[in-house]
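Below is one structure, written out as structure tokens; the observations come after it.
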Amino acid sequence: MKDLFLIKDEKVGFLNIIVDENLDIAKFHFGLAFYREQPELGRLEDYSLYHCGTFSVDGPVLFDTPVFVVNGLTAYNYFVDRVNSMNLSKIDGDEDD
């Protein structure tokens, strides 16, 4: 079972449907979209992530009313914190991540 998410541009409306393993991974990928040298998304404050349903290869796609998950700035900060913590673990000698 995977989760379905929507990206909302606050000025335009809902954009793409995204399929991700879970909420944590979706927030990480959403933050990554702002971190790249050529960001896929523009201004952090213009975008938000919403959960909108579930998806299973063996079953139906179930759509729910979109529920706010995180805004762009918070997702970006979450991504940077996760990357920094992974790098610190590797510096400390913990190579399991």
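Going by the structure tokens order, chains are called A, B, ..., each with residues numbered from 1, while ligands are numbered from 1 in the order shown.
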
Chain A: which residues are strand (DSSP E) by DSSP, as a ChimeraX atom specification?
/A:2-9,13-20,47-55,62-71

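Proximity to A:Ile25 was assessed for A:Leu44, A:Val80, A:Thr65, A:Asp3 counting only C-alpha atoms; the smallest distance is recorded for A:Asp3.
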
Selected residue of minimal separation from A:Leu6 among A:Ala75, A:Val69, A:Leu62, A:Val83, counting only C-alpha atoms:
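Comparing A:Ala75, A:Val69, A:Leu62, A:Val83 against A:Leu6, the winner is A:Val69.
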
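Minimum atom-to-atom distance to A:Thr74, evaluated using only C-alpha atoms, belongs to A:Leu49 out of A:Met86, A:Leu49, A:Met1, A:Val61.
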
Give me, as JSON, numbers by chain, all polymer residues having an atom no more than 10 Å from A:Ser48, counting only C-alpha atoms and skipping those fewer than 5 positions away in the same chain.
{"A": [6, 7, 8, 9, 10, 14, 30, 68, 69, 70, 71, 72, 73, 74, 75]}

If I take atom CA of A:Asp64 and atom CA of A:Lys2, how far is one from the other in Å, to one decimal?
13.7 Å

Write down as a PyMOL selection string the residues belonging to chain A that are assigned alpha helix (DSSP H) by DSSP computed on the backbone.
chain A and resi 23-35+72-91

Output for the residues just chosen: N, CA and C atoms as a CSV table (one decimal), in the first residue's frame:
chain,number,residue,atom,x,y,z
A,23,LEU,N,4.3,8.9,4.7
A,23,LEU,CA,4.4,10.3,4.9
A,23,LEU,C,5.8,10.8,5.1
A,24,ASP,N,6.6,10.1,5.8
A,24,ASP,CA,8.0,10.6,6.1
A,24,ASP,C,8.8,10.7,4.8
A,25,ILE,N,8.7,9.7,3.9
A,25,ILE,CA,9.4,9.8,2.6
A,25,ILE,C,8.8,10.9,1.7
A,26,ALA,N,7.5,11.1,1.8
A,26,ALA,CA,6.9,12.1,1.0
A,26,ALA,C,7.4,13.5,1.4
A,27,LYS,N,7.5,13.7,2.7
A,27,LYS,CA,8.0,15.0,3.2
A,27,LYS,C,9.5,15.2,2.8
A,28,PHE,N,10.3,14.1,2.8
A,28,PHE,CA,11.7,14.2,2.4
A,28,PHE,C,11.8,14.5,0.9
A,29,HIS,N,11.0,13.9,0.1
A,29,HIS,CA,11.1,14.1,-1.3
A,29,HIS,C,10.5,15.6,-1.7
A,30,PHE,N,9.5,16.0,-1.0
A,30,PHE,CA,9.0,17.3,-1.2
A,30,PHE,C,10.1,18.4,-0.8
A,31,GLY,N,10.8,18.2,0.3
A,31,GLY,CA,11.8,19.1,0.7
A,31,GLY,C,13.0,19.1,-0.3
A,32,LEU,N,13.3,17.9,-0.9
A,32,LEU,CA,14.3,17.7,-1.9
A,32,LEU,C,14.0,18.6,-3.1
A,33,ALA,N,12.8,18.7,-3.5
A,33,ALA,CA,12.4,19.5,-4.7
A,33,ALA,C,12.8,20.9,-4.6
A,34,PHE,N,13.0,21.4,-3.4
A,34,PHE,CA,13.5,22.8,-3.2
A,34,PHE,C,15.0,22.9,-3.1
A,35,TYR,N,15.6,21.8,-2.8
A,35,TYR,CA,17.1,21.8,-2.4
A,35,TYR,C,18.0,21.8,-3.6
A,72,GLY,N,6.1,24.3,2.2
A,72,GLY,CA,7.4,24.1,1.5
A,72,GLY,C,8.6,24.5,2.4
A,73,LEU,N,8.5,25.5,3.2
A,73,LEU,CA,9.6,25.9,4.1
A,73,LEU,C,9.9,24.8,5.2
A,74,THR,N,8.9,24.3,5.8
A,74,THR,CA,9.0,23.3,6.8
A,74,THR,C,9.6,22.0,6.2
A,75,ALA,N,9.1,21.6,5.0
A,75,ALA,CA,9.6,20.4,4.3
A,75,ALA,C,11.1,20.6,3.9
A,76,TYR,N,11.5,21.8,3.5
A,76,TYR,CA,12.9,22.1,3.1
A,76,TYR,C,13.8,21.9,4.4
A,77,ASN,N,13.3,22.5,5.5
A,77,ASN,CA,14.1,22.4,6.8
A,77,ASN,C,14.2,21.0,7.2
A,78,TYR,N,13.1,20.2,7.1
A,78,TYR,CA,13.1,18.8,7.4
A,78,TYR,C,14.1,18.0,6.6
A,79,PHE,N,14.1,18.3,5.3
A,79,PHE,CA,15.1,17.6,4.4
A,79,PHE,C,16.5,18.0,4.8
A,80,VAL,N,16.8,19.2,5.0
A,80,VAL,CA,18.2,19.6,5.4
A,80,VAL,C,18.6,19.0,6.7
A,81,ASP,N,17.7,19.0,7.7
A,81,ASP,CA,18.0,18.3,9.0
A,81,ASP,C,18.3,16.9,8.8
A,82,ARG,N,17.5,16.2,8.0
A,82,ARG,CA,17.7,14.7,7.8
A,82,ARG,C,19.1,14.5,7.1
A,83,VAL,N,19.4,15.3,6.1
A,83,VAL,CA,20.7,15.1,5.4
A,83,VAL,C,21.8,15.4,6.3
A,84,ASN,N,21.7,16.5,7.1
A,84,ASN,CA,22.8,16.8,8.0
A,84,ASN,C,23.0,15.7,9.1
A,85,SER,N,21.9,15.1,9.6
A,85,SER,CA,22.0,14.1,10.6
A,85,SER,C,22.7,12.8,10.0
A,86,MET,N,22.4,12.5,8.7
A,86,MET,CA,23.0,11.4,8.1
A,86,MET,C,24.5,11.6,7.9
A,87,ASN,N,24.9,12.8,7.5
A,87,ASN,CA,26.3,13.2,7.3
A,87,ASN,C,27.0,13.1,8.6
A,88,LEU,N,26.4,13.6,9.7
A,88,LEU,CA,27.1,13.6,11.0
A,88,LEU,C,27.3,12.1,11.5
A,89,SER,N,26.3,11.3,11.2
A,89,SER,CA,26.4,9.9,11.6
A,89,SER,C,27.6,9.2,10.8
A,90,LYS,N,27.8,9.6,9.6
A,90,LYS,CA,28.9,9.0,8.8
A,90,LYS,C,30.2,9.6,9.3
A,91,ILE,N,30.3,10.8,9.7
A,91,ILE,CA,31.5,11.4,10.3
A,91,ILE,C,31.9,10.7,11.6
